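This report concerns only the one structure given below.
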Amino acid sequence: MYKIVLVRHGESVWNKENRFTGWVNVDLTEKGVEEAHEAGRRLKEKGFVFDLAFTSVLKRATRTLDIILQELGEQGIEIRKSWILNERHYGALQGLNKSEMAAKYGEKQVFTWRRGYDVSIPPITKDSEMYPGKDPLYSNLKESEIPLFENLKMVVERVVPYWESEIVPALMSGRNIIVSTSGNDLRALLKHVENMSESDVVELNFPTGIPMVCELDDNLMMIRRYFLASPEELKKAIEEIINQGKIK
């Protein structure tokens with residue numbers, strides 16, 4: 001059996017403001033920082049140790065990871081950062097308030113934009129300030145690699161090959177791994193290791209800053225998964241995620 005820990009970053013500034021964030025490089029809130037510290041404390045309490053970490057290049061994920069490792073006293077472990085583990089690119093929706101969009105276009109439409117597996121959303125334009133091609137973080141990417149928008153299917157198509165080529169070999173070599181990234185990347189990974197349907201994966205929710213432990217069989221398919229949180233805490237956190245796309 002193999003074990004890996006997945007954690008969605010702590011609350012970001014745009015999580016708090018209920019905005020579509022995508023590749024926009026916003027930081028953690030004070031609550032997000034505390035969530036990251038608490039994630040580290042929970043992992044330490046359960047006896048987890050790591051010698052390898054994977055994360056995106058977005059500061060909300062990298063800072064969450066740094067804080068967790070600080071709590072564990074493991075700041076010196078190997079960390080592999082890749083844009084391939086970035087959050088889904090929300091195109092022209094980035095920066096827009098989800099509740100305001102629900103009031104304008106309807107809650108069903110916003111849910112489709114947020115979770116639709118193989119749907120189109122308004123693309124970002126290359127003259128936008130939020131176009132990733134203007135960010136030095138992505139100066140080494142070809143223009144064809146920089147998305148104008150993504151749906152969950154597209155995230156699966158970029159994340160799963162990285163899982164297979166980078167994370168799987170490390171897992172099978174016996175390394176203890178933690179992955180700190182965003183919610184849609186984690187949905188993509190779970191769809192793969194659980195062979196989930198398109199309809200099931202869109203209903204999967206990842207609260208910020210709560211570690212998920214995944215136990216995998218010899219073929220690296222899911223045996224079981226669980227969050228390091230009480231049922232009451234988990235229920236409240238998931239309700240908050242669901243309500244983001246509702247009219248307020």
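Chain labels run A, B, ... following the order of the structure tokens; each chain numbers its residues from 1, and ligands are numbered from 1 in the order shown.
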
Using only C-alpha atoms, I'd like a table of the residues in stretch 57-98 of chain A that come within 7 Å of stretch 141-153 of chain A; for each, show the closest atom pair and its distance in Å rounded to one decimal, ordered by chain and ascending number, as JSON lines.
{"residue": "A:Arg88", "atom": "CA", "partner": "A:Glu150", "partner_atom": "CA", "distance": 5.9}
{"residue": "A:His89", "atom": "CA", "partner": "A:Glu150", "partner_atom": "CA", "distance": 5.1}
{"residue": "A:Tyr90", "atom": "CA", "partner": "A:Phe149", "partner_atom": "CA", "distance": 5.4}
{"residue": "A:Gly91", "atom": "CA", "partner": "A:Phe149", "partner_atom": "CA", "distance": 4.1}

Inset, instruction - Please provide the set of residues having any atom within 10 Å of A:Trp113, restricted to only C-alpha atoms, with same-chain residues fewer than 3 positions apart removed, written as a PyMOL selection string. - result: chain A and resi 20+90+93+98+107-110+116-122+151-152+245

Legend entry - Option closest in space to A:Gly10, from A:Ala188, A:Ile242, A:Val33, A:Leu228 [counting only C-alpha atoms]: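 Of A:Ala188, A:Ile242, A:Val33, A:Leu228, the one nearest A:Gly10, counting only C-alpha atoms, is A:Val33.
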
Legend entry - DSSP-assigned strand (DSSP E or B) among stretch 1-172 of chain A, expressed as an MDAnalysis selection string: chainID A and resid 2:8 12 19 28 52:55 78:81 97

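Pairwise distance (atom CA of A:Tyr162, atom CA of A:Glu129) equals 28.3 Å.
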
Inset, instruction - May I ask which of the residues A:Thr208, A:Gln75, A:Ser12, A:Gln70 is the closest one to A:Leu52, counting only C-alpha atoms? - result: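 Among A:Thr208, A:Gln75, A:Ser12, A:Gln70, it is A:Gln75 that comes nearest to A:Leu52.
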
Legend entry - Residue nearest A:Asn184 - candidates A:Asn86, A:Thr64, A:Asn25, A:Asn219, atoms counted: only C-alpha atoms: A:Asn86

Inset, instruction - In Å, rounded to a single decimal, give me how far atom CA of A:Pro169 is from atom CA of A:Ser139. - result: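 About the pair atom CA of A:Ser139 and atom CA of A:Pro169: they are 28.0 Å apart.
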
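Close contacts of A:Val179, defined as residues with an atom at most 8 Å away when counting only C-alpha atoms, with chain neighbours fewer than 5 positions off set aside, comprise Ile4, Val5, Leu6, Val7, Ala53, Phe54 and Thr55 of chain A.
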
Can you spit out the residues from that selection as a PDB file, in the first residue's frame, using C-alpha atoms?
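The result, stored in selection09.pdb:
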ATOM      1  CA  ILE A   4       0.117  10.341  -0.124  1.00  0.00           C
ATOM      2  CA  VAL A   5      -1.179  13.577   1.439  1.00  0.00           C
ATOM      3  CA  LEU A   6      -3.019  16.137  -0.688  1.00  0.00           C
ATOM      4  CA  VAL A   7      -3.843  19.610   0.592  1.00  0.00           C
ATOM      5  CA  ALA A  53       6.820  17.793  -1.772  1.00  0.00           C
ATOM      6  CA  PHE A  54       5.112  18.883  -4.976  1.00  0.00           C
ATOM      7  CA  THR A  55       3.418  22.238  -5.484  1.00  0.00           C
TER       8      THR A  55
END

Inset, instruction - For A:Gly47, list every protein, DNA or RNA residue within 12 Å, evaluated using only C-alpha atoms, and leave out those in the same chain fewer than 5 positions away; present the list as a count of residues only. - result: 5

Inset, instruction - Could you give me, as JSON, numbers by chain, each residue of stretch 28-72 of chain A that DSSP assigns to alpha helix (DSSP H) when run on this structure's backbone? - result: {"A": [30, 31, 32, 33, 34, 35, 36, 37, 38, 39, 40, 41, 42, 43, 44, 45, 59, 60, 61, 62, 63, 64, 65, 66, 67, 68, 69, 70, 71, 72]}

Write the residues of the preceding selection, restricted to N, CA and C atoms, as a tab-separated table (two decimals), in the first residue's frame.
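The file below, result.tsv, is the result:
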chain	number	residue	atom	x	y	z
A	30	GLU	N	-4.98	36.15	6.46
A	30	GLU	CA	-4.56	35.74	7.81
A	30	GLU	C	-5.19	34.40	8.17
A	31	LYS	N	-6.46	34.22	7.80
A	31	LYS	CA	-7.13	32.94	8.05
A	31	LYS	C	-6.43	31.82	7.29
A	32	GLY	N	-6.03	32.10	6.04
A	32	GLY	CA	-5.34	31.10	5.24
A	32	GLY	C	-4.02	30.69	5.84
A	33	VAL	N	-3.29	31.66	6.40
A	33	VAL	CA	-2.02	31.36	7.07
A	33	VAL	C	-2.27	30.45	8.27
A	34	GLU	N	-3.30	30.76	9.05
A	34	GLU	CA	-3.62	29.94	10.21
A	34	GLU	C	-4.07	28.54	9.79
A	35	GLU	N	-4.84	28.45	8.69
A	35	GLU	CA	-5.24	27.14	8.18
A	35	GLU	C	-4.02	26.29	7.84
A	36	ALA	N	-3.01	26.92	7.24
A	36	ALA	CA	-1.79	26.19	6.88
A	36	ALA	C	-1.05	25.72	8.13
A	37	HIS	N	-0.96	26.59	9.13
A	37	HIS	CA	-0.34	26.18	10.40
A	37	HIS	C	-1.10	25.00	11.02
A	38	GLU	N	-2.42	25.10	11.01
A	38	GLU	CA	-3.23	24.04	11.60
A	38	GLU	C	-3.07	22.73	10.82
A	39	ALA	N	-2.96	22.83	9.49
A	39	ALA	CA	-2.73	21.62	8.68
A	39	ALA	C	-1.43	20.95	9.10
A	40	GLY	N	-0.39	21.75	9.29
A	40	GLY	CA	0.88	21.20	9.73
A	40	GLY	C	0.79	20.55	11.10
A	41	ARG	N	0.06	21.19	12.01
A	41	ARG	CA	-0.09	20.64	13.35
A	41	ARG	C	-0.86	19.31	13.31
A	42	ARG	N	-1.88	19.24	12.47
A	42	ARG	CA	-2.67	18.01	12.37
A	42	ARG	C	-1.81	16.87	11.81
A	43	LEU	N	-1.02	17.18	10.83
A	43	LEU	CA	-0.15	16.15	10.24
A	43	LEU	C	0.91	15.69	11.24
A	44	LYS	N	1.43	16.63	11.99
A	44	LYS	CA	2.44	16.28	13.01
A	44	LYS	C	1.83	15.40	14.09
A	45	GLU	N	0.62	15.76	14.51
A	45	GLU	CA	-0.07	14.99	15.54
A	45	GLU	C	-0.30	13.54	15.10
A	59	LYS	N	1.76	31.46	-5.31
A	59	LYS	CA	2.22	31.70	-3.94
A	59	LYS	C	1.25	31.17	-2.88
A	60	ARG	N	-0.04	31.10	-3.19
A	60	ARG	CA	-0.96	30.59	-2.18
A	60	ARG	C	-0.69	29.11	-1.88
A	61	ALA	N	-0.22	28.37	-2.89
A	61	ALA	CA	0.11	26.95	-2.69
A	61	ALA	C	1.51	26.79	-2.10
A	62	THR	N	2.46	27.56	-2.61
A	62	THR	CA	3.84	27.42	-2.11
A	62	THR	C	3.96	27.90	-0.68
A	63	ARG	N	3.24	28.98	-0.33
A	63	ARG	CA	3.31	29.49	1.04
A	63	ARG	C	2.62	28.53	2.00
A	64	THR	N	1.51	27.94	1.58
A	64	THR	CA	0.84	26.93	2.41
A	64	THR	C	1.80	25.78	2.70
A	65	LEU	N	2.48	25.31	1.67
A	65	LEU	CA	3.43	24.22	1.84
A	65	LEU	C	4.55	24.62	2.79
A	66	ASP	N	5.10	25.81	2.61
A	66	ASP	CA	6.20	26.26	3.47
A	66	ASP	C	5.79	26.27	4.94
A	67	ILE	N	4.57	26.74	5.21
A	67	ILE	CA	4.09	26.82	6.59
A	67	ILE	C	3.88	25.42	7.17
A	68	ILE	N	3.31	24.52	6.37
A	68	ILE	CA	3.12	23.14	6.83
A	68	ILE	C	4.46	22.51	7.18
A	69	LEU	N	5.43	22.66	6.31
A	69	LEU	CA	6.75	22.08	6.55
A	69	LEU	C	7.43	22.72	7.75
A	70	GLN	N	7.17	24.01	7.97
A	70	GLN	CA	7.70	24.69	9.16
A	70	GLN	C	7.14	24.05	10.42
A	71	GLU	N	5.83	23.79	10.43
A	71	GLU	CA	5.21	23.15	11.60
A	71	GLU	C	5.78	21.75	11.84
A	72	LEU	N	6.14	21.06	10.75
A	72	LEU	CA	6.67	19.71	10.85
A	72	LEU	C	8.18	19.69	11.10

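Considering only C-alpha atoms, the residue among A:Lys248, A:Phe50, A:Glu215, A:Gly106 positioned nearest to A:Met1 is A:Glu215.
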
Inset, instruction - Using atom CA of A:Arg115 and atom CA of A:Asp217 as the two end points, give the distance in Å to one decimal. - result: 28.3 Å

Legend entry - Spatial neighbours of A:Tyr226, 9 Å, only C-alpha atoms, chain gap at least 3 places, as number ranges by chain: A: 211-215, 229

Legend entry - Neighbour list for A:Leu204 as an MDAnalysis selection string, cut-off 10 Å, only C-alpha atoms, skip fewer than 4 positions in-chain: chainID A and resid 115 183:184 186:187 190:191 199:200 238

Legend entry - Nearest to A:Glu74, chosen from A:Asp135, A:Asp127, A:Glu87, A:Asp51, with only C-alpha atoms counted in the distances: A:Asp51

Legend entry - A:Val57 environment, 6 Å, only C-alpha atoms, sequence neighbours closer than 2 positions dropped, as a PyMOL selection string: chain A and resi 81-83

Inset, instruction - Between A:Ile210, A:Met154, A:Met222, A:Val202, single out the one closest to A:His9, counting only C-alpha atoms. - result: A:Ile210
